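What follows is coords.pdb (PDB, C-alpha atoms).
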ATOM      1  CA  MET J   1     -12.781   2.384  27.779  1.00  0.00           C
ATOM      2  CA  SER J   2      -9.914   3.114  25.391  1.00  0.00           C
ATOM      3  CA  LYS J   3      -9.676   6.315  23.400  1.00  0.00           C
ATOM      4  CA  ALA J   4      -9.376   7.040  19.701  1.00  0.00           C
ATOM      5  CA  TYR J   5      -7.094   9.960  18.870  1.00  0.00           C
ATOM      6  CA  ILE J   6      -7.803  11.605  15.522  1.00  0.00           C
ATOM      7  CA  PHE J   7      -4.899  13.623  14.141  1.00  0.00           C
ATOM      8  CA  LEU J   8      -6.017  16.305  11.676  1.00  0.00           C
ATOM      9  CA  GLY J   9      -4.050  18.759   9.579  1.00  0.00           C
ATOM     10  CA  ALA J  10      -3.204  19.822   6.050  1.00  0.00           C
ATOM     11  CA  PRO J  11      -0.742  17.957   3.832  1.00  0.00           C
ATOM     12  CA  GLY J  12       2.738  18.865   5.041  1.00  0.00           C
ATOM     13  CA  ALA J  13       1.593  19.868   8.526  1.00  0.00           C
ATOM     14  CA  GLY J  14       3.659  17.165  10.209  1.00  0.00           C
ATOM     15  CA  LYS J  15       0.788  15.308  11.835  1.00  0.00           C
ATOM     16  CA  GLY J  16       2.276  11.972  10.781  1.00  0.00           C
ATOM     17  CA  THR J  17       5.598  12.676  12.486  1.00  0.00           C
ATOM     18  CA  LEU J  18       3.909  13.900  15.669  1.00  0.00           C
ATOM     19  CA  GLY J  19       1.573  10.893  15.601  1.00  0.00           C
ATOM     20  CA  GLU J  20       4.450   8.435  15.288  1.00  0.00           C
ATOM     21  CA  ILE J  21       6.175   9.907  18.347  1.00  0.00           C
ATOM     22  CA  PHE J  22       2.884   9.907  20.251  1.00  0.00           C
ATOM     23  CA  CYS J  23       2.264   6.222  19.502  1.00  0.00           C
ATOM     24  CA  GLU J  24       5.851   5.226  20.267  1.00  0.00           C
ATOM     25  CA  LYS J  25       5.766   6.847  23.696  1.00  0.00           C
ATOM     26  CA  THR J  26       2.207   5.933  24.713  1.00  0.00           C
ATOM     27  CA  GLU J  27       1.924   2.493  22.988  1.00  0.00           C
ATOM     28  CA  VAL J  28      -1.349   3.615  21.426  1.00  0.00           C
ATOM     29  CA  ILE J  29      -1.784   1.722  18.145  1.00  0.00           C
ATOM     30  CA  HIS J  30      -1.127   3.711  14.966  1.00  0.00           C
ATOM     31  CA  ILE J  31      -3.781   2.998  12.351  1.00  0.00           C
ATOM     32  CA  SER J  32      -3.073   4.285   8.854  1.00  0.00           C
ATOM     33  CA  THR J  33      -5.622   3.822   6.096  1.00  0.00           C
ATOM     34  CA  GLY J  34      -2.779   3.284   3.640  1.00  0.00           C
ATOM     35  CA  GLN J  35      -1.407   0.442   5.755  1.00  0.00           C
ATOM     36  CA  LEU J  36      -4.871  -1.060   6.139  1.00  0.00           C
ATOM     37  CA  LEU J  37      -5.158  -1.180   2.344  1.00  0.00           C
ATOM     38  CA  ARG J  38      -1.807  -2.912   2.028  1.00  0.00           C
ATOM     39  CA  ASP J  39      -2.622  -5.379   4.821  1.00  0.00           C
ATOM     40  CA  GLU J  40      -5.960  -6.373   3.271  1.00  0.00           C
ATOM     41  CA  MET J  41      -4.348  -6.982  -0.118  1.00  0.00           C
ATOM     42  CA  ALA J  42      -1.441  -8.929   1.392  1.00  0.00           C
ATOM     43  CA  ALA J  43      -3.833 -11.118   3.398  1.00  0.00           C
ATOM     44  CA  GLY J  44      -5.742 -12.071   0.273  1.00  0.00           C
ATOM     45  CA  THR J  45      -9.153 -11.491   1.858  1.00  0.00           C
ATOM     46  CA  GLU J  46     -12.226 -10.986  -0.301  1.00  0.00           C
ATOM     47  CA  LEU J  47     -12.001  -7.276   0.474  1.00  0.00           C
ATOM     48  CA  GLY J  48      -8.288  -7.332  -0.380  1.00  0.00           C
ATOM     49  CA  LYS J  49      -8.983  -8.945  -3.764  1.00  0.00           C
ATOM     50  CA  SER J  50     -11.590  -6.288  -4.512  1.00  0.00           C
ATOM     51  CA  LEU J  51      -9.114  -3.577  -3.566  1.00  0.00           C
ATOM     52  CA  LYS J  52      -6.473  -4.987  -5.899  1.00  0.00           C
ATOM     53  CA  GLU J  53      -8.942  -4.909  -8.775  1.00  0.00           C
ATOM     54  CA  LEU J  54      -9.982  -1.345  -7.964  1.00  0.00           C
ATOM     55  CA  ILE J  55      -6.421  -0.062  -7.737  1.00  0.00           C
ATOM     56  CA  ALA J  56      -5.365  -1.944 -10.881  1.00  0.00           C
ATOM     57  CA  SER J  57      -8.198  -0.259 -12.782  1.00  0.00           C
ATOM     58  CA  GLY J  58      -7.184   3.178 -11.484  1.00  0.00           C
ATOM     59  CA  ALA J  59     -10.460   3.653  -9.595  1.00  0.00           C
ATOM     60  CA  LEU J  60     -10.676   5.411  -6.231  1.00  0.00           C
ATOM     61  CA  VAL J  61     -11.335   3.387  -3.095  1.00  0.00           C
ATOM     62  CA  SER J  62     -14.817   4.337  -1.897  1.00  0.00           C
ATOM     63  CA  ASP J  63     -15.750   5.771   1.493  1.00  0.00           C
ATOM     64  CA  GLU J  64     -17.665   2.584   2.214  1.00  0.00           C
ATOM     65  CA  ILE J  65     -14.618   0.347   1.732  1.00  0.00           C
ATOM     66  CA  VAL J  66     -12.297   2.576   3.763  1.00  0.00           C
ATOM     67  CA  THR J  67     -14.869   2.756   6.556  1.00  0.00           C
ATOM     68  CA  GLU J  68     -15.273  -1.028   6.501  1.00  0.00           C
ATOM     69  CA  MET J  69     -11.498  -1.480   6.915  1.00  0.00           C
ATOM     70  CA  VAL J  70     -11.388   0.965   9.812  1.00  0.00           C
ATOM     71  CA  ASP J  71     -14.387  -0.745  11.420  1.00  0.00           C
ATOM     72  CA  ASN J  72     -12.690  -4.159  11.149  1.00  0.00           C
ATOM     73  CA  ARG J  73      -9.437  -2.862  12.647  1.00  0.00           C
ATOM     74  CA  LEU J  74     -11.101  -1.060  15.548  1.00  0.00           C
ATOM     75  CA  ALA J  75     -12.940  -4.267  16.431  1.00  0.00           C
ATOM     76  CA  LYS J  76      -9.682  -6.096  17.221  1.00  0.00           C
ATOM     77  CA  ASP J  77      -8.724  -6.735  20.857  1.00  0.00           C
ATOM     78  CA  ASP J  78      -5.326  -4.976  20.751  1.00  0.00           C
ATOM     79  CA  ALA J  79      -6.917  -1.756  19.484  1.00  0.00           C
ATOM     80  CA  LYS J  80      -9.645  -1.824  22.130  1.00  0.00           C
ATOM     81  CA  ALA J  81      -7.118  -2.555  24.873  1.00  0.00           C
ATOM     82  CA  LYS J  82      -4.536   0.113  24.033  1.00  0.00           C
ATOM     83  CA  GLY J  83      -6.467   2.747  22.136  1.00  0.00           C
ATOM     84  CA  VAL J  84      -5.736   3.965  18.620  1.00  0.00           C
ATOM     85  CA  MET J  85      -4.358   6.938  16.714  1.00  0.00           C
ATOM     86  CA  LEU J  86      -6.062   7.385  13.344  1.00  0.00           C
ATOM     87  CA  ASP J  87      -3.958   8.718  10.474  1.00  0.00           C
ATOM     88  CA  GLY J  88      -5.690   9.576   7.203  1.00  0.00           C
ATOM     89  CA  TYR J  89      -9.209   8.959   8.475  1.00  0.00           C
ATOM     90  CA  PRO J  90     -11.662  10.626   8.645  1.00  0.00           C
ATOM     91  CA  ARG J  91     -11.080  12.859   5.613  1.00  0.00           C
ATOM     92  CA  THR J  92     -14.697  13.992   5.180  1.00  0.00           C
ATOM     93  CA  SER J  93     -17.613  14.891   7.424  1.00  0.00           C
ATOM     94  CA  ALA J  94     -19.424  11.730   6.303  1.00  0.00           C
ATOM     95  CA  GLN J  95     -16.444   9.623   7.398  1.00  0.00           C
ATOM     96  CA  ALA J  96     -16.318  11.478  10.711  1.00  0.00           C
ATOM     97  CA  GLU J  97     -19.953  10.644  11.376  1.00  0.00           C
ATOM     98  CA  SER J  98     -19.317   7.006  10.457  1.00  0.00           C
ATOM     99  CA  LEU J  99     -16.340   6.888  12.814  1.00  0.00           C
ATOM    100  CA  THR J 100     -18.415   8.224  15.704  1.00  0.00           C
ATOM    101  CA  GLY J 101     -20.815   5.315  15.207  1.00  0.00           C
ATOM    102  CA  ILE J 102     -17.989   2.764  14.915  1.00  0.00           C
ATOM    103  CA  LEU J 103     -16.367   3.958  18.131  1.00  0.00           C
ATOM    104  CA  ALA J 104     -19.663   3.696  19.999  1.00  0.00           C
ATOM    105  CA  LYS J 105     -20.326   0.217  18.568  1.00  0.00           C
ATOM    106  CA  HIS J 106     -16.963  -1.118  19.744  1.00  0.00           C
ATOM    107  CA  GLY J 107     -17.059   0.526  23.161  1.00  0.00           C
ATOM    108  CA  TYR J 108     -14.486   3.288  22.743  1.00  0.00           C
ATOM    109  CA  GLU J 109     -14.713   6.626  24.432  1.00  0.00           C
ATOM    110  CA  SER J 110     -15.679   9.468  22.102  1.00  0.00           C
ATOM    111  CA  GLY J 111     -13.008  10.521  19.622  1.00  0.00           C
ATOM    112  CA  VAL J 112     -10.325  12.970  20.705  1.00  0.00           C
ATOM    113  CA  ALA J 113      -9.346  15.225  17.793  1.00  0.00           C
ATOM    114  CA  VAL J 114      -5.942  16.906  17.562  1.00  0.00           C
ATOM    115  CA  LEU J 115      -5.397  19.643  14.964  1.00  0.00           C
ATOM    116  CA  VAL J 116      -1.825  20.218  13.790  1.00  0.00           C
ATOM    117  CA  ASP J 117      -2.004  23.718  12.343  1.00  0.00           C
ATOM    118  CA  VAL J 118       0.638  25.329  10.107  1.00  0.00           C
ATOM    119  CA  PRO J 119       0.549  28.651   8.203  1.00  0.00           C
ATOM    120  CA  ARG J 120      -0.197  28.192   4.498  1.00  0.00           C
ATOM    121  CA  ASP J 121       3.086  29.733   3.281  1.00  0.00           C
ATOM    122  CA  ILE J 122       5.086  27.238   5.333  1.00  0.00           C
ATOM    123  CA  LEU J 123       2.974  24.359   4.034  1.00  0.00           C
ATOM    124  CA  MET J 124       3.788  25.399   0.465  1.00  0.00           C
ATOM    125  CA  LYS J 125       7.518  25.409   1.231  1.00  0.00           C
ATOM    126  CA  ARG J 126       7.318  21.967   2.781  1.00  0.00           C
ATOM    127  CA  LEU J 127       5.270  20.550  -0.089  1.00  0.00           C
ATOM    128  CA  THR J 128       7.204  22.100  -2.985  1.00  0.00           C
ATOM    129  CA  GLY J 129      10.724  22.212  -1.566  1.00  0.00           C
ATOM    130  CA  ARG J 130      11.342  18.476  -1.261  1.00  0.00           C
ATOM    131  CA  ARG J 131      14.153  17.003  -3.324  1.00  0.00           C
ATOM    132  CA  LEU J 132      15.012  13.304  -3.439  1.00  0.00           C
ATOM    133  CA  CYS J 133      18.116  11.368  -4.362  1.00  0.00           C
ATOM    134  CA  LYS J 134      17.246   8.543  -6.751  1.00  0.00           C
ATOM    135  CA  ALA J 135      20.519   6.814  -5.951  1.00  0.00           C
ATOM    136  CA  CYS J 136      20.391   6.504  -2.149  1.00  0.00           C
ATOM    137  CA  GLY J 137      16.907   7.737  -1.232  1.00  0.00           C
ATOM    138  CA  ALA J 138      18.063  10.714   0.872  1.00  0.00           C
ATOM    139  CA  SER J 139      15.535  13.533   1.220  1.00  0.00           C
ATOM    140  CA  PHE J 140      16.164  17.293   1.383  1.00  0.00           C
ATOM    141  CA  ASN J 141      14.117  20.480   1.300  1.00  0.00           C
ATOM    142  CA  VAL J 142      15.468  23.517  -0.528  1.00  0.00           C
ATOM    143  CA  PHE J 143      13.779  25.825   1.992  1.00  0.00           C
ATOM    144  CA  THR J 144      14.132  24.041   5.338  1.00  0.00           C
ATOM    145  CA  ALA J 145      16.922  21.463   4.918  1.00  0.00           C
ATOM    146  CA  PRO J 146      18.884  22.233   1.734  1.00  0.00           C
ATOM    147  CA  PRO J 147      21.831  20.163   0.498  1.00  0.00           C
ATOM    148  CA  ALA J 148      25.299  21.664   0.882  1.00  0.00           C
ATOM    149  CA  LYS J 149      25.566  21.977  -2.907  1.00  0.00           C
ATOM    150  CA  GLU J 150      22.443  22.870  -4.873  1.00  0.00           C
ATOM    151  CA  GLY J 151      20.953  19.890  -6.674  1.00  0.00           C
ATOM    152  CA  ILE J 152      23.525  17.425  -5.330  1.00  0.00           C
ATOM    153  CA  CYS J 153      23.021  14.776  -2.634  1.00  0.00           C
ATOM    154  CA  ASP J 154      25.207  15.298   0.451  1.00  0.00           C
ATOM    155  CA  LYS J 155      25.405  11.566   1.080  1.00  0.00           C
ATOM    156  CA  CYS J 156      26.347  10.078  -2.282  1.00  0.00           C
ATOM    157  CA  GLY J 157      26.927  12.976  -4.685  1.00  0.00           C
ATOM    158  CA  ALA J 158      24.153  11.974  -7.095  1.00  0.00           C
ATOM    159  CA  ALA J 159      21.707  14.450  -8.629  1.00  0.00           C
ATOM    160  CA  LEU J 160      18.556  15.365  -6.717  1.00  0.00           C
ATOM    161  CA  ILE J 161      15.126  15.323  -8.329  1.00  0.00           C
ATOM    162  CA  GLN J 162      11.746  16.904  -7.667  1.00  0.00           C
ATOM    163  CA  ARG J 163       8.906  14.401  -7.846  1.00  0.00           C
ATOM    164  CA  SER J 164       5.896  15.243  -9.991  1.00  0.00           C
ATOM    165  CA  ASP J 165       3.634  15.299  -6.910  1.00  0.00           C
ATOM    166  CA  ASP J 166       5.883  17.892  -5.203  1.00  0.00           C
ATOM    167  CA  THR J 167       5.240  20.666  -7.741  1.00  0.00           C
ATOM    168  CA  GLU J 168       3.519  23.944  -6.891  1.00  0.00           C
ATOM    169  CA  ALA J 169       0.450  23.088  -8.977  1.00  0.00           C
ATOM    170  CA  THR J 170       0.044  19.740  -7.211  1.00  0.00           C
ATOM    171  CA  ALA J 171       0.532  21.322  -3.784  1.00  0.00           C
ATOM    172  CA  ILE J 172      -2.098  23.970  -4.507  1.00  0.00           C
ATOM    173  CA  ASN J 173      -4.553  21.278  -5.588  1.00  0.00           C
ATOM    174  CA  ARG J 174      -3.874  19.126  -2.504  1.00  0.00           C
ATOM    175  CA  LEU J 175      -4.514  22.098  -0.213  1.00  0.00           C
ATOM    176  CA  LYS J 176      -7.681  23.001  -2.161  1.00  0.00           C
ATOM    177  CA  ILE J 177      -9.028  19.473  -1.616  1.00  0.00           C
ATOM    178  CA  TYR J 178      -8.089  19.722   2.077  1.00  0.00           C
ATOM    179  CA  ASP J 179      -9.976  23.023   2.403  1.00  0.00           C
ATOM    180  CA  GLU J 180     -13.061  21.592   0.711  1.00  0.00           C
ATOM    181  CA  GLN J 181     -13.196  18.146   2.314  1.00  0.00           C
ATOM    182  CA  THR J 182     -11.242  18.038   5.566  1.00  0.00           C
ATOM    183  CA  VAL J 183     -11.673  21.505   7.078  1.00  0.00           C
ATOM    184  CA  PRO J 184     -15.369  20.637   7.691  1.00  0.00           C
ATOM    185  CA  VAL J 185     -14.130  17.614   9.697  1.00  0.00           C
ATOM    186  CA  ILE J 186     -12.343  20.022  12.044  1.00  0.00           C
ATOM    187  CA  ASP J 187     -15.622  21.918  12.489  1.00  0.00           C
ATOM    188  CA  TYR J 188     -17.418  18.612  13.129  1.00  0.00           C
ATOM    189  CA  TYR J 189     -15.185  17.785  16.100  1.00  0.00           C
ATOM    190  CA  ARG J 190     -15.083  21.373  17.326  1.00  0.00           C
ATOM    191  CA  ASN J 191     -18.901  21.483  17.399  1.00  0.00           C
ATOM    192  CA  ARG J 192     -18.978  18.193  19.322  1.00  0.00           C
ATOM    193  CA  GLY J 193     -16.495  19.561  21.876  1.00  0.00           C
ATOM    194  CA  GLU J 194     -13.960  16.880  20.928  1.00  0.00           C
ATOM    195  CA  LEU J 195     -11.247  19.083  19.395  1.00  0.00           C
ATOM    196  CA  VAL J 196      -8.952  19.212  22.402  1.00  0.00           C
ATOM    197  CA  VAL J 197      -5.887  20.997  21.063  1.00  0.00           C
ATOM    198  CA  SER J 198      -4.822  23.089  18.113  1.00  0.00           C
ATOM    199  CA  ASN J 199      -1.115  22.376  17.888  1.00  0.00           C
ATOM    200  CA  ASN J 200       1.368  24.718  16.188  1.00  0.00           C
ATOM    201  CA  GLY J 201       2.987  22.421  13.639  1.00  0.00           C
ATOM    202  CA  ASP J 202       5.646  25.038  12.862  1.00  0.00           C
ATOM    203  CA  ALA J 203       7.142  24.719  16.359  1.00  0.00           C
ATOM    204  CA  PRO J 204       9.957  22.237  17.176  1.00  0.00           C
ATOM    205  CA  ILE J 205       8.611  18.690  17.404  1.00  0.00           C
ATOM    206  CA  GLU J 206       9.644  18.320  21.071  1.00  0.00           C
ATOM    207  CA  GLN J 207       7.670  21.450  21.966  1.00  0.00           C
ATOM    208  CA  ASN J 208       4.680  20.236  19.979  1.00  0.00           C
ATOM    209  CA  TYR J 209       4.743  16.897  21.749  1.00  0.00           C
ATOM    210  CA  ALA J 210       4.915  18.531  25.197  1.00  0.00           C
ATOM    211  CA  VAL J 211       1.955  20.793  24.356  1.00  0.00           C
ATOM    212  CA  LEU J 212      -0.003  17.817  23.074  1.00  0.00           C
ATOM    213  CA  MET J 213       0.569  15.679  26.157  1.00  0.00           C
ATOM    214  CA  LYS J 214      -0.380  18.532  28.472  1.00  0.00           C
ATOM    215  CA  ALA J 215      -3.594  19.177  26.533  1.00  0.00           C
ATOM    216  CA  LEU J 216      -4.475  15.479  26.600  1.00  0.00           C
ATOM    217  CA  GLY J 217      -3.727  15.235  30.294  1.00  0.00           C
ATOM    218  CA  ILE J 218      -1.349  12.336  29.826  1.00  0.00           C
TER     219      ILE J 218
END

So that I can check it, write out the structure of this file as structure tokens.
Amino acid sequence: MSKAYIFLGAPGAGKGTLGEIFCEKTEVIHISTGQLLRDEMAAGTELGKSLKELIASGALVSDEIVTEMVDNRLAKDDAKAKGVMLDGYPRTSAQAESLTGILAKHGYESGVAVLVDVPRDILMKRLTGRRLCKACGASFNVFTAPPAKEGICDKCGAALIQRSDDTEATAINRLKIYDEQTVPVIDYYRNRGELVVSNNGDAPIEQNYAVLMKALGI
């Protein structure tokens, strides 16, 4: 049976970057809830049409719809043959319980949860320090990867901006939601004995990857 790897961590922890490398090297299929949304809408399915209407109205996509999309994707032959890495799901304990049932229904082994853990002060720097160039799209971080000249893009010389969702207030709110909703998911997998590694997301990515592979026994 194939495995489902569940990457958990706060916003800014770097779980997406680590997950991309993991999927590239292992050929496990990367499943992002954001991409599933886009795929459903592009395909013009009944679910996709409903999603378009929801998003156009500004409403949130419900747990039931997200779970249905994940269920449909995990049922496909390529996912069952190669295994999957889930990014952005589950975000709540209820979703985690639903996922356990979906994996059993489609014949996967139990979920394997990976926690990418980063100290809160470093998360705040990552979330609030980002600066973008509107002209060429280059990205910098005033704390970890600053431009040579403050406020100016190294690549094209245009002015850098801070997006509204990269402010301190937004970062604090995102981490508050994570603490309330997703930290219990970590406890869910820990209590089931399925949290196999707590990875230090502040370490170099190569070191993180090596630790991950050793913990997974791959």

Around the point (6.5, 22.7, 7.2), in the coordinates given by the file, pick out the residues reaching within 7 Å, counting only C-alpha atoms, and return them as a ChimeraX atom specification.
-> /J:12-14,122-123,125-126,202

Decode the PyMOL selection byres ((chain J and resi 67) around 10) for the given file into explicit residues and return them as a PyMOL selection string.
-> chain J and resi 33+62-66+68-73+89-90+95-96+98-99+102

Explicit residue set for the PyMOL selection byres ((chain J and resi 137-146) around 12), as a ChimeraX atom specification | /J:121-136,147-163,166,202

Quick one: apply the PyMOL selection byres ((chain J and resi 209-213) around 12) to the file and drop the selected residues here as a count of residues only.
-> 37

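With only the atoms specified (all atoms listed in the file) counting, those residues at most 12 Å away from (-2.1, 4.2, 2.5) are Ile31, Ser32, Thr33, Gly34, Gln35, Leu36, Leu37, Arg38, Asp39, Glu40, Met41, Ile55, Val61, Val66, Met69, Leu86, Asp87, Gly88 and Tyr89 of chain J.
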
Any idea what the distance is between atom CA of Ser110 of chain J and atom CA of Ser2 of chain J?
-> 9.2 Å

Which residues, written as a PyMOL selection string, have at least one atom at most 10 Å from segment 176-183 of chain J, with all atoms listed in the file counted and residues fewer than 2 positions away on the same chain left out?
-> chain J and resi 8-11+89-94+96+170-174+185-188

Interatomic distance (Å, one decimal) between atom CA of Ser50 of chain J and atom CA of Glu97 of chain J =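 That distance, rounded to one decimal, is 24.7 Å.
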
Please, what distance in Å, to one decimal, runs between atom CA of Arg192 of chain J and atom CA of Ala104 of chain J?
-> 14.5 Å

Would you mind completing segment 64-94 of chain J to N, CA and C atoms and writing the output as a CSV table (one decimal), in the coordinates of the input?
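Result written to rebuild_29.csv:
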chain,number,residue,atom,x,y,z
J,64,GLU,N,-17.1,3.8,1.6
J,64,GLU,CA,-17.7,2.6,2.2
J,64,GLU,C,-16.6,1.5,2.5
J,65,ILE,N,-15.7,1.3,1.6
J,65,ILE,CA,-14.6,0.3,1.7
J,65,ILE,C,-13.6,0.8,2.8
J,66,VAL,N,-13.2,2.1,2.8
J,66,VAL,CA,-12.3,2.6,3.8
J,66,VAL,C,-12.9,2.5,5.1
J,67,THR,N,-14.2,2.8,5.3
J,67,THR,CA,-14.9,2.8,6.6
J,67,THR,C,-15.0,1.3,7.0
J,68,GLU,N,-15.2,0.4,6.1
J,68,GLU,CA,-15.3,-1.0,6.5
J,68,GLU,C,-13.9,-1.5,7.1
J,69,MET,N,-12.8,-1.1,6.4
J,69,MET,CA,-11.5,-1.5,6.9
J,69,MET,C,-11.2,-0.9,8.3
J,70,VAL,N,-11.6,0.3,8.5
J,70,VAL,CA,-11.4,1.0,9.8
J,70,VAL,C,-12.2,0.3,10.9
J,71,ASP,N,-13.5,0.0,10.5
J,71,ASP,CA,-14.4,-0.7,11.4
J,71,ASP,C,-13.8,-2.1,11.8
J,72,ASN,N,-13.3,-2.8,10.9
J,72,ASN,CA,-12.7,-4.2,11.1
J,72,ASN,C,-11.5,-4.0,12.1
J,73,ARG,N,-10.7,-3.0,11.8
J,73,ARG,CA,-9.4,-2.9,12.6
J,73,ARG,C,-9.8,-2.4,14.1
J,74,LEU,N,-10.7,-1.5,14.2
J,74,LEU,CA,-11.1,-1.1,15.5
J,74,LEU,C,-11.8,-2.1,16.4
J,75,ALA,N,-12.3,-3.2,15.7
J,75,ALA,CA,-12.9,-4.3,16.4
J,75,ALA,C,-11.9,-5.2,17.1
J,76,LYS,N,-10.7,-5.1,16.7
J,76,LYS,CA,-9.7,-6.1,17.2
J,76,LYS,C,-9.3,-5.8,18.7
J,77,ASP,N,-9.0,-6.8,19.4
J,77,ASP,CA,-8.7,-6.7,20.9
J,77,ASP,C,-7.6,-5.8,21.2
J,78,ASP,N,-6.5,-5.8,20.4
J,78,ASP,CA,-5.3,-5.0,20.8
J,78,ASP,C,-5.7,-3.5,20.7
J,79,ALA,N,-6.5,-3.1,19.6
J,79,ALA,CA,-6.9,-1.8,19.5
J,79,ALA,C,-7.8,-1.3,20.6
J,80,LYS,N,-8.7,-2.2,21.0
J,80,LYS,CA,-9.6,-1.8,22.1
J,80,LYS,C,-8.9,-1.8,23.5
J,81,ALA,N,-7.9,-2.5,23.6
J,81,ALA,CA,-7.1,-2.6,24.9
J,81,ALA,C,-6.2,-1.3,25.0
J,82,LYS,N,-5.6,-0.9,23.9
J,82,LYS,CA,-4.5,0.1,24.0
J,82,LYS,C,-5.0,1.5,23.5
J,83,GLY,N,-6.1,1.5,22.8
J,83,GLY,CA,-6.5,2.7,22.1
J,83,GLY,C,-5.8,2.9,20.8
J,84,VAL,N,-6.3,3.8,20.0
J,84,VAL,CA,-5.7,4.0,18.6
J,84,VAL,C,-5.5,5.4,18.3
J,85,MET,N,-4.6,5.6,17.3
J,85,MET,CA,-4.4,6.9,16.7
J,85,MET,C,-4.6,6.8,15.2
J,86,LEU,N,-5.6,7.5,14.7
J,86,LEU,CA,-6.1,7.4,13.3
J,86,LEU,C,-5.4,8.4,12.5
J,87,ASP,N,-4.7,7.9,11.4
J,87,ASP,CA,-4.0,8.7,10.5
J,87,ASP,C,-4.6,8.6,9.1
J,88,GLY,N,-5.1,9.6,8.5
J,88,GLY,CA,-5.7,9.6,7.2
J,88,GLY,C,-7.2,9.3,7.2
J,89,TYR,N,-7.8,9.2,8.4
J,89,TYR,CA,-9.2,9.0,8.5
J,89,TYR,C,-9.7,9.6,9.8
J,90,PRO,N,-10.8,10.3,9.8
J,90,PRO,CA,-11.7,10.6,8.6
J,90,PRO,C,-11.2,11.8,7.8
J,91,ARG,N,-11.4,11.8,6.5
J,91,ARG,CA,-11.1,12.9,5.6
J,91,ARG,C,-12.3,13.7,5.2
J,92,THR,N,-13.5,13.2,5.5
J,92,THR,CA,-14.7,14.0,5.2
J,92,THR,C,-15.6,14.0,6.4
J,93,SER,N,-16.6,14.9,6.3
J,93,SER,CA,-17.6,14.9,7.4
J,93,SER,C,-18.4,13.6,7.5
J,94,ALA,N,-18.7,13.0,6.3
J,94,ALA,CA,-19.4,11.7,6.3
J,94,ALA,C,-18.6,10.6,7.0
